[in-house]
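S.K.: Quick one: the structure is below, and I'll ask about it shortly.
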Amino acid sequence: MTFHEMWAQLAPIGRDAGTGGYRRYAWSGADADCRTWFQEQAEARGLTYETDRNGNQWAWLGDPLAGDAVVTGSHLDSVPDGGAFDGPLGVVSSFAALDELRSRGAEFSRPLAITNFGDEEGARFGLACVGSRLAAGQLTKDKAYELRDAEGISLPQAMEAAGYDPEAIGADPERLGRIGAFVELHVEQGRALDLSGDRVGIASAIWPHGRWRFDFRGEANHAGTTRLVDRRDPMLTYAATVLAARTEAAFAGAVATFGKISVEPNGVNAIPSLVRGWLDSRAADQATLDTVVTAIEKAARERADQDGIDLGIVRESFTPVVEFEHALRDEMNRILGGSVPVLGTGAGHDAGILSAAVPTAMLFVRNPTGVSHSPREFAAEDDCVAGVLALADVLEGLACR
């Protein structure tokens, strides 16, 4: 099956007809359909298929227990109304790269695996990279059991409803110990390659990033009868904090985004009693990120005091800077001719989570829109094919020596 055929087969799954975006949330029906697609691709190629204790999918060429395996892949879930390429491009390209190597008559000296990590985007339970975090021991079973979606359904309940055993989840050092290298291909979530005119790039590092929840608590009251001077309106404090985040990020050369909000009682004619907003902030280095988040928190507290609002701030997740292993990165560049651009990224990935336990690296494919997490996310088919060929070259260089 060609890249185009696989892409066309996967494309309708979880797509919303109204927005054109994808809603492939963890342990949902669309997620199950994606998992079925992955299993079918593995079995059609005669690969050994398995699902690990955390629900991550694996397709093996060679002995899964031999060790020193070369692994590639990404994820198939999405953010709300996300684009088609973020995650799926890496999985489809992995199968296509294996097909390319077989057409070359490549002889493998190391086991090869293709993987689909579960719940990478964190769209349902609010924590990114759940599958890889569990495997790497960065998310404990107890903490995972505390995760709940907007309907109050817990992660173990969702897993069980989807036919998986939540009692089994947890760190998987034995499996990770069998991986000699993990290479993840991903659409670029920016325009660096488009501006340089390159189809493919290599990742240097992932910026440190985190998510913080801001709880602004005021007093619910009637929107039509309560004088402005008598109000304790947390929406005003939230709005001022959003503006402060933009100002502080711009000043520091970082990024800070309030992209999710929850309001109670959420009535058109009611002053809110609670506004809960989630901050996502990222920077090129830890010191800059700390400076930005501290400044945002300071601005929020000062405005909260002014407005008579109670403020609580909780850091829900954090990932430090990830420097991909230089030796693997340099070897990939050598395999690809030595002139591939190397660039950093502000987006998190499973490769970043695994980097603490496994040598990891990433390939990027050009995105001419520079847009990601949106239906406008795009990569031209000839660029996708170039990514497949680059990934095939890398896998051949690593696994067929």
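Convention: chains lettered A, B, ... in structure tokens order; per-chain residue numbering from 1; ligands numbered from 1 as shown.
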Give the strand (DSSP E) residues of stretch 92-286 of chain A, as assigned by DSSP on the backbone, as a VMD selection string.
M.R.: chain A and resid 112 to 116 179 to 187 200 to 206 209 to 217 221 to 222 255 to 264 270 to 271 274 to 282
S.K.: Check the DSSP output for the backbone and give back, as a PyMOL selection string, the residues of stretch 170-289 of chain A in helix (DSSP H, G or I).
M.R.: chain A and resi 173-176+192-196+228-230+234-252+286-289
S.K.: Taking a cut-off of 12 Å and counting only C-alpha atoms, can you build a table that, for each residue of stretch 271-328 of chain A near stretch 332-348 of chain A, reports the nearest atom pair and how far apart they are in Å (one decimal), sorted by chain then residue number, as a tab-separated table?
M.R.:
```
residue	atom	partner	partner_atom	distance
A:Asp280	CA	A:Ala347	CA	10.8
A:Ser281	CA	A:Gly346	CA	9.4
A:Arg282	CA	A:Gly346	CA	6.4
A:Ala283	CA	A:Gly346	CA	7.1
A:Ala284	CA	A:Gly346	CA	7.6
A:Asp285	CA	A:Gly346	CA	10.5
A:Leu289	CA	A:Gly346	CA	11.6
A:Ser317	CA	A:Gly348	CA	11.7
A:Phe318	CA	A:Gly348	CA	10.3
A:Thr319	CA	A:Gly348	CA	8.1
A:Pro320	CA	A:Gly348	CA	10.1
A:Val321	CA	A:Gly346	CA	9.7
A:Val322	CA	A:Gly348	CA	9.3
A:Glu323	CA	A:Gly344	CA	9.2
A:Phe324	CA	A:Gly344	CA	9.9
A:Glu325	CA	A:Met332	CA	10.8
A:His326	CA	A:Met332	CA	9.8
A:Ala327	CA	A:Met332	CA	8.6
A:Leu328	CA	A:Met332	CA	6.2
```
S.K.: Counting only C-alpha atoms, what are the residues of stretch 163-241 of chain A within 12 Å of stretch 34-51 of chain A, and for each of them which pair of atoms is the nearest and at what distance in Å, to one decimal? Sort the table by chain and rising number, as JSON lines.
M.R.:
```
{"residue": "A:Gly163", "atom": "CA", "partner": "A:Thr51", "partner_atom": "CA", "distance": 11.7}
{"residue": "A:Tyr164", "atom": "CA", "partner": "A:Thr51", "partner_atom": "CA", "distance": 9.5}
{"residue": "A:Asp165", "atom": "CA", "partner": "A:Thr51", "partner_atom": "CA", "distance": 11.0}
{"residue": "A:Ala168", "atom": "CA", "partner": "A:Thr51", "partner_atom": "CA", "distance": 11.6}
{"residue": "A:Ile169", "atom": "CA", "partner": "A:Thr51", "partner_atom": "CA", "distance": 11.6}
{"residue": "A:Arg175", "atom": "CA", "partner": "A:Thr51", "partner_atom": "CA", "distance": 11.7}
```
S.K.: Kindly export the residues of the current selection with C-alpha atoms, as a tab-separated table (two decimals), in the first residue's frame.
M.R.:
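After the write, out_9.tsv holds the following:
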```
chain	number	residue	atom	x	y	z
A	163	GLY	CA	-11.28	-2.93	26.31
A	164	TYR	CA	-7.92	-2.33	28.00
A	165	ASP	CA	-6.77	-3.27	31.49
A	168	ALA	CA	-1.60	-3.05	34.20
A	169	ILE	CA	-0.43	0.51	33.53
A	175	ARG	CA	10.62	-2.68	27.08
```
S.K.: Could you jot down the atom CA of A:Leu279 to atom CA of A:Asn221 separation for me, Å, one decimal place?
M.R.: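 According to the coordinates, atom CA of A:Leu279 and atom CA of A:Asn221 are separated by 26.5 Å.
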S.K.: For A:Gln57, which residue among A:Glu100, A:Asp305, A:Asp119, A:Glu107 is the nearest when counting only C-alpha atoms?
M.R.: A:Asp119
S.K.: What's the 10 Å shell around A:Arg217, counting only C-alpha atoms, without same-chain residues fewer than 4 positions away, as a PyMOL selection string?
M.R.: chain A and resi 232-235+237+264+272-276+304+308-312
S.K.: How many Å separate atom CA of A:Ile179 from atom CA of A:Gln138?
M.R.: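 Between atom CA of A:Ile179 and atom CA of A:Gln138 the gap is 17.6 Å.
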S.K.: With distances taken over only C-alpha atoms, which residue among A:Tyr22, A:Phe125, A:Trp27, A:Phe258 lies nearest A:Asp86?
M.R.: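 Residue with the minimum atom-to-atom distance to A:Asp86: A:Tyr22.
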S.K.: Which of these, A:Ala158, A:Val255, A:Val314, A:Asp307, has the shortest distance to A:Gly277 once you count only C-alpha atoms?
M.R.: A:Val314
S.K.: Would you list the contacts of A:Gly370 as a PyMOL selection string, taking every protein, DNA or RNA residue within 10 Å and counting only C-alpha atoms, but skipping same-chain residues closer than 3 positions in sequence?
M.R.: chain A and resi 187-195+366-367+376-379
